[in-house]
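Data first, discussion second: the structure below is written as structure tokens.
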Amino acid sequence: MRKVLMGNHAVSYAVRLARAEVVAAYPITPQTQIVEMLSEFCAEGSLDATFIKVESEHSAMAACIGAASAGARAFTATSSHGLLLMHEMLHWAAGARLPIVLVNVNRALGPGWNVWTEQTDSLAQRDTGLMQVYCESNQEALDSVLQAFRIAETVRLPVMVVLDAFILSHTEEPVDVPSQEEVDAFLPRYEPEWRLDPADPRAFNMLVPPEHYMELRLLIQKAMDDALHVAAEVDAEYGRRFGRSYGIVEAYRLEDAEIALVTAGASSGTARVVVDELRSQGVPTGLLRLRLFRPFPARAIARLLSRVDKVAVIDRNISFGHGGIFAAELKAALYHEPQRPMVFEFIAGLGGRDITPATVRGIVGYLQGHDQPPASPLWWEVKA
Amino acid sequence: MKSAPSRPPVGEPVVFRRLDDLPPLPVSLAPTLANKTGTWRYLRPFYEEKTSPCNHACPAGSDVVHWIGALRGGDLEGAWRTLTAENPLPGVCGRVCPHPCESRCNRSSSGGAIAIHALERYLADEASMHGWRPTRVRAANGRRVAVVGAGPAGLACAYHLARLGYEVTVHEAEAEPGGLLRYAIPAYRLPRDVLDREVCNIESLGVRFMLGSRLGDNLSLEELRGMDAVFLAPGQGVSRPLGVPGEQAAGVLSGLGFLRRVARGEGLGMGRRVVVVGGGNTAIDAARTAIRMGAQVTVVYRRSAAQMPAIAEEVEAARAEGVEFRFLAAPIEVLVDGDRVRGLRCQSMRLGEPDASGRERPLPVPGAEFDLTADTVIAAVGQGLDEGLLAGTGLRAEAGRVPIDEGAATALPGVFAGGDAATGEGTVAQAIGSGKRAALAIDRWLQTGRVEGLPPLGVAPHAMERSASARVVGPEDLNADYIEQVPRPVLPECPVELRKASFDEVNLGIPPEIAAAEAARCISCGVCIGCDTCYIFCPDVSIARAGPCQYTINYDYCKGCGICVHECPRCAMSVKEEGQ
């Protein structure tokens, strides 16, 4: 059924379709509407879940950890400072191998206080063991949440689905909402192999000495390796069932491109429009959209970009003292390629500053005028 | 996914040699049931019901905490049955008892004491509406007991004996049963139909009432001793005199005499100005009654307001209705005009050292006297046993009372006594407790020839067995984290202007929703309500639900951390050292 939904509500619908059993959350702009609607679903009975009100995001994730440990399908949503407060529990969720799905609405960090989109909050969780999926549209947000539960439960790792503050979260788009029967067929009930069960009690998450700790960490890494394939397979199956798939990275008009734009999140749509425009003018540009950031599809990226001359990575994030986080990851992925493109790093759109077609055109223009990237990232469209 | 690694035999060390041997998360391969953590325990938690302060404070031995519990659960009839298992007169007590239960209520500091009396009255009124009747707990046994006096002690004794299967006859000197409930407590506090209803409940158990049957007049103890047992509860029907000159003048009445005449509907030419002497409930009842009859009323009391024995709410209501108070004033002479009273001369007093009652002794201020104009003087300065009733019975009063032991036995075998005449205690609830004590004693005496197991005098006896320990739960025993501030409801009452003009009931009942909310506000001190706090908090999952308000502790695994006991909001759990 097609509905006009804002990104936040697309997520709420997905969580209901996924038959989440426990929702634990603390409100924070711009995420609040997600759990607000879920609480209404719980209250009206259209979602048979326990909604746990908590006093912090740390507790929200802790409650999800408890629920998932007992075998429940658990969901939470947060943003920005909320996600940062959750940080410790994110490591725990992954270490305990719990398939929790978390939606993070990308929002800049304070101070200065700012509620608009930026990716630094989610990218700061890079090493927690959560998978990360970045969405371009409200439809993709709904689809990605459904895929996320399936992937998470297959490889036993938590997944973070990420959408941009306001640009997706609060903007209404037509969204196809699949039927419950279709989703039930795609996403069967979660039956964990290990779970808290008073009838068969086990010790969980106890002390692990040095002779075993590394192996458990290796198992997480292997699960991430598996997840790369699982995510691609699940996305392909989703495409067969629902007619929509996204890939783990998306290559748009890259085949003969000389200049490639690299984006993640909602600005990808803007970049796509500019690519079409430049192509119509005969400029051989293409777009690589990062959808899956963890596990990082390094080989797919290297394969897609190694024959391009110049790459412009648009990072809506900043690792202070280094540069754009996507750019750094991407350069590392290309390092072993015999033929490597020039990689230009652009820091743009922080704190919700608009990334417009003009912004993207300007970036392409910069690449056309330069053979070599500068020594440090380019802060794009900033006051001199 | 790979399948779960196989479980090693118990006792075998687990060695992970290959990556595939490991489970994906840190989890024990064997169930932890083998690890009996109960062996670590040196403190043993256990469920222990304790005595709530309301139960402890009730002189009638009402099981307040449990009938409020039933009410909270929506079981109104069950609540009324629990209530009336101890007290046959809830409609009376809910209206006239000074409710010492509420003074001790642990809710006092978190919104105000539970309005126990209002709930009690609510249940009694519900019972009347639904036509619930008390039932016997034992079949009729053919044994006969005579009760002398149909006041609250006699009614309670008759009721409990009838429930236990005895054939009871109550002899009452007045024309209708009730004693002071009918002839002293004014109708605006206790409407007569409420009393009638509860007497009727007692009659429904087979109790017979012989009215106009007065000891020492048309009834002798000797003839009653043909019964299996006799219970004497003649009350304190004699008013103490003022002991001042002029007291014999026309227009000087005793408090009880005045109230009795009003209750009987007898005419009184009492005039416009009425002075009431005394600070007890009879004085206040007389004053408020006189107000309703159009008088200007002054109460003269020799101590200060704080020391009045009357129920504080009653004093407040009297003041609201226009009764004036002259404290620290003692009557020294009734002023007369011919043979009729015209006023009262009073001596101003001051407070000295505490006396035997613990209250500061009133002392005269030399030379400070004043006169009050009065058409009627009502002396309500205490009452006592009519010792004349004992003439020829072989019983002798000591200090104005019929002496009894803790089994309510008098010096005569088979003759028991109670109520104000034996205890001198003075409240309805105390009389009910005293009558119940006698009923239990008579039953034990007739069943076994011995009276054992009754609490000492001054401690309320219980008709039903209680599982609670004797420890009384105080505010410090409760877990304040669970007790929210919720205000006590404002109890409805008739507006002052309306009530001054009639004997209609002043305090009005509460509606069902207020009753439910008030029952829910009760903390249930010392008594489990099945809140699951222990079950939820037990970190060893050693507590299991076993039924309504019932849990079990699996001591194989309980480490004795004591969290359950600590968290229990209402002190329904205890902890002791192992081996103790």
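Every chain in the structure tokens has a letter given in the order shown (A, B, ...), and although residue numbers restart at 1 in each chain, ligands are simply numbered from 1 in the order shown.
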
If you run DSSP on the backbone, which residues of segment 229-371 of chain A are strand (DSSP E), as a PyMOL selection string? chain A and resi 249-252+259-263+285-290+292-294+310-315+342-347

Taking only C-alpha atoms into account, report as a PyMOL selection string which residues of chain B lie within 10 Å of chain A. chain B and resi 1-4+15-20+22-34+540-542

Please compute the atom CA of His87 of chain A-atom CA of Val54 of chain A distance, one decimal, in Å.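 Going from atom CA of His87 of chain A over to atom CA of Val54 of chain A, I get 16.0 Å.
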
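Using only C-alpha atoms, the shortest contact distance between Glu237 of chain A and any of A:Val161, A:Ile151, A:Met224, A:Leu261 is found at A:Ile151.
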
Distance query Leu190 of chain B at most 8 Å, only C-alpha atoms, self and fewer than 3 positions along chain excluded, as a count of residues only: 10

Pick from B:Val334, B:Ala480, B:Leu268, B:Ala544: nearest to Arg570 of chain B, with only C-alpha atoms counted?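 Looking only at the distances to Arg570 of chain B, the closest residue turns out to be B:Ala480.
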
Leaving out Arg299 of chain A and any residue of its chain fewer than 6 positions from it, which residues lie within 10 Å of it when counting only C-alpha atoms, given as a ChimeraX atom specification? /A:305,333-334,337

Could you find all residues in segment 62-283 of chain A that DSSP calls helix (DSSP H, G or I) from the backbone, and write them as JSON, numbers by chain? {"A": [62, 63, 64, 65, 66, 67, 68, 69, 80, 81, 82, 83, 84, 85, 87, 88, 89, 90, 91, 92, 93, 94, 95, 120, 121, 122, 123, 138, 139, 140, 141, 142, 143, 144, 145, 146, 147, 148, 149, 150, 151, 152, 153, 154, 155, 180, 181, 182, 183, 184, 185, 186, 210, 211, 212, 213, 214, 215, 216, 217, 218, 219, 220, 221, 222, 223, 224, 225, 226, 227, 228, 229, 230, 231, 232, 233, 234, 235, 236, 237, 238, 239, 240, 241, 242, 267, 268, 269, 270, 271, 272, 273, 274, 275, 276, 277, 278, 279, 280]}

Just C-alpha atoms for this one: save the residues we selected as a compact mmCIF listing (two decimals), in the first residue's frame.
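Everything below was put into again.txt:
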# COMPACT_ATOMS: atom_id res chain seq x y z
CA ALA A 62 20.57 -1.91 27.92
CA ALA A 63 16.87 -2.79 27.87
CA CYS A 64 17.16 -3.94 24.26
CA ILE A 65 20.16 -6.03 25.27
CA GLY A 66 18.14 -7.69 28.02
CA ALA A 67 15.21 -8.27 25.70
CA ALA A 68 17.33 -9.64 22.88
CA SER A 69 19.23 -11.84 25.33
CA SER A 80 23.28 12.47 18.04
CA HIS A 81 24.02 12.85 21.77
CA GLY A 82 21.65 10.00 22.50
CA LEU A 83 23.69 7.69 20.33
CA LEU A 84 26.86 8.85 22.00
CA LEU A 85 25.42 8.12 25.43
CA HIS A 87 28.13 4.01 23.07
CA GLU A 88 29.18 1.62 25.82
CA MET A 89 26.08 -0.50 25.33
CA LEU A 90 26.68 -0.65 21.56
CA HIS A 91 29.94 -2.50 22.18
CA TRP A 92 28.08 -4.75 24.59
CA ALA A 93 25.28 -5.52 22.15
CA ALA A 94 27.81 -6.58 19.54
CA GLY A 95 30.00 -8.53 21.96
CA THR A 120 29.69 12.33 12.72
CA ASP A 121 27.41 10.81 15.39
CA SER A 122 26.98 7.49 13.61
CA LEU A 123 30.52 7.34 12.22
CA ASN A 138 12.15 7.23 3.07
CA GLN A 139 11.34 4.13 1.06
CA GLU A 140 14.86 2.90 1.58
CA ALA A 141 14.55 3.61 5.30
CA LEU A 142 11.54 1.32 5.53
CA ASP A 143 13.14 -1.36 3.38
CA SER A 144 16.46 -1.15 5.21
CA VAL A 145 14.87 -1.66 8.62
CA LEU A 146 13.20 -4.85 7.40
CA GLN A 147 16.45 -6.02 5.82
CA ALA A 148 18.37 -5.06 8.96
CA PHE A 149 16.44 -7.45 11.21
CA ARG A 150 16.99 -10.28 8.76
CA ILE A 151 20.72 -9.59 8.40
CA ALA A 152 21.20 -9.04 12.12
CA GLU A 153 19.47 -12.28 13.05
CA THR A 154 21.42 -14.21 10.44
CA VAL A 155 24.88 -13.13 11.52
CA GLN A 180 2.20 -8.03 6.73
CA GLU A 181 1.97 -11.42 5.01
CA GLU A 182 4.77 -10.52 2.62
CA VAL A 183 6.96 -9.30 5.45
CA ASP A 184 6.20 -12.34 7.60
CA ALA A 185 7.35 -14.57 4.75
CA PHE A 186 10.56 -12.56 4.41
CA PRO A 210 43.20 -13.92 27.51
CA GLU A 211 43.38 -17.48 26.14
CA HIS A 212 39.87 -17.19 24.72
CA TYR A 213 39.14 -13.49 24.36
CA MET A 214 40.85 -13.05 21.01
CA GLU A 215 38.95 -15.93 19.48
CA LEU A 216 35.63 -14.41 20.49
CA ARG A 217 36.71 -11.14 18.88
CA LEU A 218 37.77 -13.02 15.78
CA LEU A 219 34.31 -14.58 15.63
CA ILE A 220 32.81 -11.09 15.54
CA GLN A 221 35.14 -10.13 12.73
CA LYS A 222 34.18 -13.28 10.83
CA ALA A 223 30.52 -12.48 11.38
CA MET A 224 31.17 -9.06 9.86
CA ASP A 225 32.87 -10.75 6.90
CA ASP A 226 29.82 -12.99 6.52
CA ALA A 227 27.55 -10.00 6.84
CA LEU A 228 28.98 -8.48 3.67
CA HIS A 229 27.63 -11.43 1.72
CA VAL A 230 24.52 -11.87 3.82
CA ALA A 231 23.59 -8.22 3.35
CA ALA A 232 23.96 -8.53 -0.41
CA GLU A 233 21.94 -11.76 -0.48
CA VAL A 234 19.21 -10.39 1.75
CA ASP A 235 18.99 -7.25 -0.37
CA ALA A 236 18.73 -9.38 -3.51
CA GLU A 237 16.01 -11.56 -1.97
CA TYR A 238 14.22 -8.43 -0.85
CA GLY A 239 14.33 -7.25 -4.44
CA ARG A 240 12.78 -10.51 -5.64
CA ARG A 241 10.02 -10.33 -3.06
CA PHE A 242 9.26 -6.62 -3.00
CA SER A 267 22.85 14.06 -0.38
CA SER A 268 23.21 11.10 -2.77
CA GLY A 269 19.94 12.13 -4.37
CA THR A 270 21.31 15.59 -5.03
CA ALA A 271 24.51 14.16 -6.48
CA ARG A 272 22.47 11.84 -8.71
CA VAL A 273 20.61 14.81 -10.24
CA VAL A 274 23.88 16.60 -10.92
CA VAL A 275 25.38 13.49 -12.53
CA ASP A 276 22.44 13.27 -14.90
CA GLU A 277 22.75 16.95 -15.70
CA LEU A 278 26.51 16.78 -16.38
CA ARG A 279 26.13 13.61 -18.40
CA SER A 280 23.61 15.40 -20.60

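When the distance limit is 8 Å and only C-alpha atoms are what count, the residues near Val364 of chain A, minus those fewer than 4 positions from it on the same chain, are Ile259, Ala312, Val360 and Gln368 of chain A.
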
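One finds atom CA of Ala439 of chain B at 16.4 Å from atom CA of Leu412 of chain B.
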